[in-house]
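The file structure.txt comes next; it holds compact mmCIF, C-alpha atoms.
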# COMPACT_ATOMS: atom_id res chain seq x y z
CA MET A 1 114.54 130.97 101.16
CA GLN A 2 117.50 129.70 99.18
CA LYS A 3 116.50 129.26 95.53
CA ASN A 4 119.11 126.64 94.62
CA LYS A 5 118.52 124.15 97.45
CA LYS A 6 115.28 122.26 98.01
CA ILE A 7 114.01 122.86 101.54
CA THR A 8 111.33 120.49 102.80
CA TYR A 9 109.25 120.81 105.96
CA ALA A 10 107.02 118.10 107.46
CA PHE A 11 103.76 118.86 109.24
CA ILE A 12 102.68 115.87 111.33
CA ASP A 13 99.23 115.24 112.78
CA SER A 14 100.60 113.11 115.64
CA GLN A 15 97.22 111.84 116.84
CA ASN A 16 96.20 110.67 113.37
CA LEU A 17 99.58 109.05 112.77
CA ASN A 18 99.80 107.36 116.16
CA LEU A 19 96.22 106.04 116.20
CA GLY A 20 96.41 105.00 112.55
CA VAL A 21 99.51 102.90 113.13
CA GLN A 22 98.19 101.47 116.41
CA SER A 23 94.97 100.41 114.65
CA LEU A 24 97.20 98.26 112.44
CA GLY A 25 98.53 96.51 115.55
CA TRP A 26 101.98 98.05 115.89
CA LYS A 27 103.75 101.07 117.36
CA LEU A 28 105.84 103.59 115.50
CA ASP A 29 109.53 104.07 116.23
CA TRP A 30 109.54 107.87 116.16
CA LYS A 31 113.31 108.17 115.88
CA ARG A 32 113.46 105.90 112.83
CA PHE A 33 110.48 107.74 111.33
CA ARG A 34 112.30 111.06 111.70
CA VAL A 35 115.46 109.66 110.05
CA TYR A 36 113.32 108.40 107.16
CA LEU A 37 111.75 111.84 106.66
CA LYS A 38 115.22 113.34 106.47
CA ASP A 39 116.70 110.68 104.21
CA LYS A 40 113.74 110.17 101.85
CA TYR A 41 112.31 113.70 101.61
CA ASN A 42 115.19 115.88 102.84
CA VAL A 43 112.99 117.17 105.69
CA SER A 44 114.90 119.80 107.64
CA MET A 45 112.02 120.91 109.89
CA ALA A 46 109.57 118.30 111.21
CA TYR A 47 106.72 119.90 113.14
CA MET A 48 104.67 117.56 115.29
CA PHE A 49 101.30 118.80 116.51
CA LEU A 50 99.93 117.21 119.65
CA GLY A 51 97.84 117.78 122.74
CA TYR A 52 99.83 118.46 125.88
CA ILE A 53 99.37 115.88 128.65
CA GLU A 54 100.93 116.53 132.07
CA GLY A 55 103.34 113.76 132.95
CA ASN A 56 104.47 112.97 129.39
CA ASN A 57 107.54 115.20 129.60
CA GLY A 58 109.91 112.26 129.10
CA LEU A 59 108.13 111.38 125.86
CA TYR A 60 108.23 115.00 124.71
CA ARG A 61 111.97 115.22 125.44
CA SER A 62 112.64 112.02 123.48
CA LEU A 63 110.62 113.31 120.49
CA GLN A 64 112.58 116.57 120.57
CA ALA A 65 115.86 114.64 120.82
CA ALA A 66 114.79 112.66 117.73
CA GLY A 67 114.51 115.95 115.84
CA PHE A 68 110.83 116.89 116.03
CA ILE A 69 109.65 120.42 116.77
CA LEU A 70 106.67 120.00 119.07
CA ILE A 71 103.66 122.32 118.81
CA PHE A 72 101.29 121.76 121.71
CA LYS A 73 97.62 122.45 122.17
CA PRO A 74 96.01 122.29 125.62
CA MET A 75 93.83 119.22 126.12
CA LEU A 76 90.15 119.49 126.93
CA HIS A 77 88.96 117.16 129.68
CA TYR A 78 85.28 116.25 129.44
CA LYS A 79 83.04 115.08 132.28
CA ASN A 80 82.64 111.67 130.63
CA GLY A 81 86.40 111.12 131.02
CA LYS A 82 87.33 111.71 127.40
CA ILE A 83 90.12 114.10 126.49
CA LYS A 84 90.53 115.96 123.23
CA GLY A 85 93.34 117.99 121.73
CA ASN A 86 92.56 118.48 118.04
CA CYS A 87 95.52 120.29 116.45
CA ASP A 88 94.33 120.57 112.83
CA ALA A 89 94.10 124.37 112.84
CA GLU A 90 97.58 124.69 114.34
CA LEU A 91 99.05 122.49 111.63
CA VAL A 92 97.44 124.48 108.82
CA LEU A 93 98.43 127.78 110.42
CA GLN A 94 102.08 126.73 110.82
CA ALA A 95 102.21 125.51 107.21
CA MET A 96 101.00 128.94 106.08
CA ILE A 97 103.25 130.91 108.47
CA ASP A 98 106.27 129.07 107.05
CA PHE A 99 104.98 128.98 103.44
CA ASP A 100 107.79 131.16 102.04
CA ASP A 101 110.49 129.26 103.99
CA TYR A 102 110.14 125.87 102.28
CA ASN A 103 110.03 124.57 98.71
CA LYS A 104 108.12 121.38 99.50
CA ALA A 105 105.88 120.12 102.28
CA VAL A 106 105.18 116.64 103.59
CA ILE A 107 101.79 116.39 105.30
CA VAL A 108 101.51 113.38 107.62
CA SER A 109 97.85 112.55 108.16
CA GLY A 110 94.92 110.69 106.70
CA ASP A 111 92.44 113.34 107.86
CA GLY A 112 90.26 115.00 105.23
CA ASP A 113 90.29 118.22 107.26
CA PHE A 114 93.58 118.95 105.48
CA TYR A 115 91.96 118.90 102.03
CA CYS A 116 92.20 122.67 101.56
CA LEU A 117 95.84 122.81 102.69
CA VAL A 118 96.87 119.90 100.46
CA ARG A 119 95.02 121.42 97.50
CA HIS A 120 96.71 124.79 98.11
CA LEU A 121 100.17 123.22 98.39
CA LEU A 122 99.63 121.23 95.18
CA LYS A 123 98.36 124.31 93.31
CA ASN A 124 101.52 126.19 94.35
CA ASN A 125 103.83 123.28 93.49
CA LYS A 126 104.81 122.87 97.15
CA LEU A 127 103.36 119.45 97.90
CA GLU A 128 105.98 116.71 98.18
CA THR A 129 103.58 114.05 99.49
CA VAL A 130 100.74 113.30 101.85
CA PHE A 131 102.10 110.54 104.06
CA VAL A 132 98.99 108.64 105.18
CA PRO A 133 99.20 106.26 108.18
CA ASP A 134 96.92 103.50 106.84
CA ARG A 135 96.66 102.70 103.12
CA TYR A 136 93.13 101.33 103.57
CA ARG A 137 91.64 103.93 105.93
CA TYR A 138 91.96 107.58 105.05
CA SER A 139 89.83 110.36 103.66
CA SER A 140 89.12 110.18 99.94
CA LEU A 141 89.33 113.99 100.00
CA LEU A 142 93.10 113.65 100.38
CA LYS A 143 93.29 111.36 97.38
CA LYS A 144 91.40 113.94 95.34
CA ALA A 145 93.39 116.95 96.60
CA SER A 146 96.88 115.41 96.42
CA GLY A 147 97.02 114.82 92.68
CA GLY A 148 98.56 111.39 93.26
CA HIS A 149 101.17 112.63 95.74
CA LEU A 150 100.32 109.96 98.31
CA SER A 151 102.60 107.69 100.34
CA PHE A 152 101.64 105.26 103.09
CA VAL A 153 103.28 104.69 106.47
CA SER A 154 101.63 101.25 106.58
CA ASP A 155 103.75 100.18 103.58
CA HIS A 156 106.89 100.68 105.71
CA LYS A 157 106.08 98.63 108.81
CA LYS A 158 109.46 96.87 108.73
CA LYS A 159 111.27 100.24 108.72
CA PHE A 160 109.12 102.03 111.27
CA GLU A 161 107.87 99.42 113.72
CA TYR A 162 109.11 99.98 117.25
CA LYS A 163 111.02 97.00 118.60
CA LYS A 164 111.08 96.87 122.38
CA LYS A 165 114.60 97.03 123.78
CA GLU A 166 115.13 96.07 127.37
CA ASN A 167 117.54 98.02 129.54
CA SER A 168 119.18 96.85 132.76
CA SER A 169 116.04 97.57 134.78
CA GLY A 170 113.93 95.45 132.41
CA THR A 171 111.82 98.33 131.15
CA SER A 172 111.55 99.79 127.71
CA PRO A 173 113.07 103.22 127.05
CA GLN A 174 109.94 104.14 125.07
CA GLU A 175 107.38 103.38 127.75
CA ARG A 176 104.55 105.51 126.48
CA SER A 177 103.11 106.11 123.07
CA LEU A 178 101.70 109.44 121.93
CA SER A 179 98.24 110.37 123.07
What is this file in structure tokens?
Amino acid sequence: MQKNKKITYAFIDSQNLNLGVQSLGWKLDWKRFRVYLKDKYNVSMAYMFLGYIEGNNGLYRSLQAAGFILIFKPMLHYKNGKIKGNCDAELVLQAMIDFDDYNKAVIVSGDGDFYCLVRHLLKNNKLETVFVPDRYRYSSLLKKASGGHLSFVSDHKKKFEYKKKENSSGTSPQERSLS
């Protein structure tokens, strides 16, 4: 790691971010969100952790084109029709694998399961911020662990809200949201 230049990585819990924003009644413009991470926090690597769903390859390509590094976990399909792809362990593992490669980390989630990671990053002076999707709904464990290093996606709706753009066929280029 270069000692004279601040290197920041982002570790994004895509399910928590996507569902948190959708619960507020809007959709995230992933490309604008990635630009913000770069401009505001100097994020050079933005890992996005998500469950892999067959048929979402167009979405995955667009996320990669926006600058995200996708880390997939296979989805579990239950008999009751529910699907699950919890990626918390993958996010923590990647943050620790890359620990010596970055100076600061941005954790994007409101999930208290990241308490130990956030606490460890803060203790080692590597926590830039915990970027929580919804200011009013997140784990109080993160508030405790972050030492005040909290930011809120919900405070930036005007910057991040996806605005539907019609193309010549009348359909939106961002047809699907993350699952």
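In this model, the gap between CA of Gly110 (chain A) and CA of Leu70 (chain A) comes to 19.4 Å.
Here CA of Val118 (chain A) is placed at a distance of 21.4 Å from CA of Val21 (chain A).
Between CA of Thr129 (chain A) and CA of Ile107 (chain A) there is a distance of 6.5 Å.
Minimum atom-to-atom distances from A:Tyr36, A:Tyr162, A:Phe99, A:Tyr52 to His77 (chain A) were compared using only C-alpha atoms, and the lowest value belongs to A:Tyr52.
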Test item: which residues lie within 10 Å of (95.4, 103.7, 101.9) counting all atoms listed in the file, as a ChimeraX atom specification: /A:110,131-140,143,150-155
Protein, DNA and RNA residues within 12 Å of (94.7, 117.5, 97.3), only C-alpha atoms, as an mmCIF file with C-alpha atoms, in the frame of the given file:
data_model
loop_
_atom_site.group_PDB
_atom_site.id
_atom_site.type_symbol
_atom_site.label_atom_id
_atom_site.label_comp_id
_atom_site.auth_asym_id
_atom_site.auth_seq_id
_atom_site.Cartn_x
_atom_site.Cartn_y
_atom_site.Cartn_z
ATOM 1 C CA ILE A 107 101.790 116.390 105.300
ATOM 2 C CA GLY A 110 94.920 110.690 106.700
ATOM 3 C CA ASP A 111 92.440 113.340 107.860
ATOM 4 C CA GLY A 112 90.260 115.000 105.230
ATOM 5 C CA ASP A 113 90.290 118.220 107.260
ATOM 6 C CA PHE A 114 93.580 118.950 105.480
ATOM 7 C CA TYR A 115 91.960 118.900 102.030
ATOM 8 C CA CYS A 116 92.200 122.670 101.560
ATOM 9 C CA LEU A 117 95.840 122.810 102.690
ATOM 10 C CA VAL A 118 96.870 119.900 100.460
ATOM 11 C CA ARG A 119 95.020 121.420 97.500
ATOM 12 C CA HIS A 120 96.710 124.790 98.110
ATOM 13 C CA LEU A 121 100.170 123.220 98.390
ATOM 14 C CA LEU A 122 99.630 121.230 95.180
ATOM 15 C CA LYS A 123 98.360 124.310 93.310
ATOM 16 C CA ASN A 124 101.520 126.190 94.350
ATOM 17 C CA ASN A 125 103.830 123.280 93.490
ATOM 18 C CA LYS A 126 104.810 122.870 97.150
ATOM 19 C CA LEU A 127 103.360 119.450 97.900
ATOM 20 C CA GLU A 128 105.980 116.710 98.180
ATOM 21 C CA THR A 129 103.580 114.050 99.490
ATOM 22 C CA VAL A 130 100.740 113.300 101.850
ATOM 23 C CA SER A 139 89.830 110.360 103.660
ATOM 24 C CA SER A 140 89.120 110.180 99.940
ATOM 25 C CA LEU A 141 89.330 113.990 100.000
ATOM 26 C CA LEU A 142 93.100 113.650 100.380
ATOM 27 C CA LYS A 143 93.290 111.360 97.380
ATOM 28 C CA LYS A 144 91.400 113.940 95.340
ATOM 29 C CA ALA A 145 93.390 116.950 96.600
ATOM 30 C CA SER A 146 96.880 115.410 96.420
ATOM 31 C CA GLY A 147 97.020 114.820 92.680
ATOM 32 C CA GLY A 148 98.560 111.390 93.260
ATOM 33 C CA HIS A 149 101.170 112.630 95.740
ATOM 34 C CA LEU A 150 100.320 109.960 98.310
#
Let me have the centre and edge lengths in Å, one decimal, of the box along x, y and z around every listed atom of region 67-85 of chain A with 5 Å of margin on each side, as JSON.
{"center_x": 98.6, "center_y": 116.8, "center_z": 124.1, "size_x": 41.9, "size_y": 21.3, "size_z": 26.4}
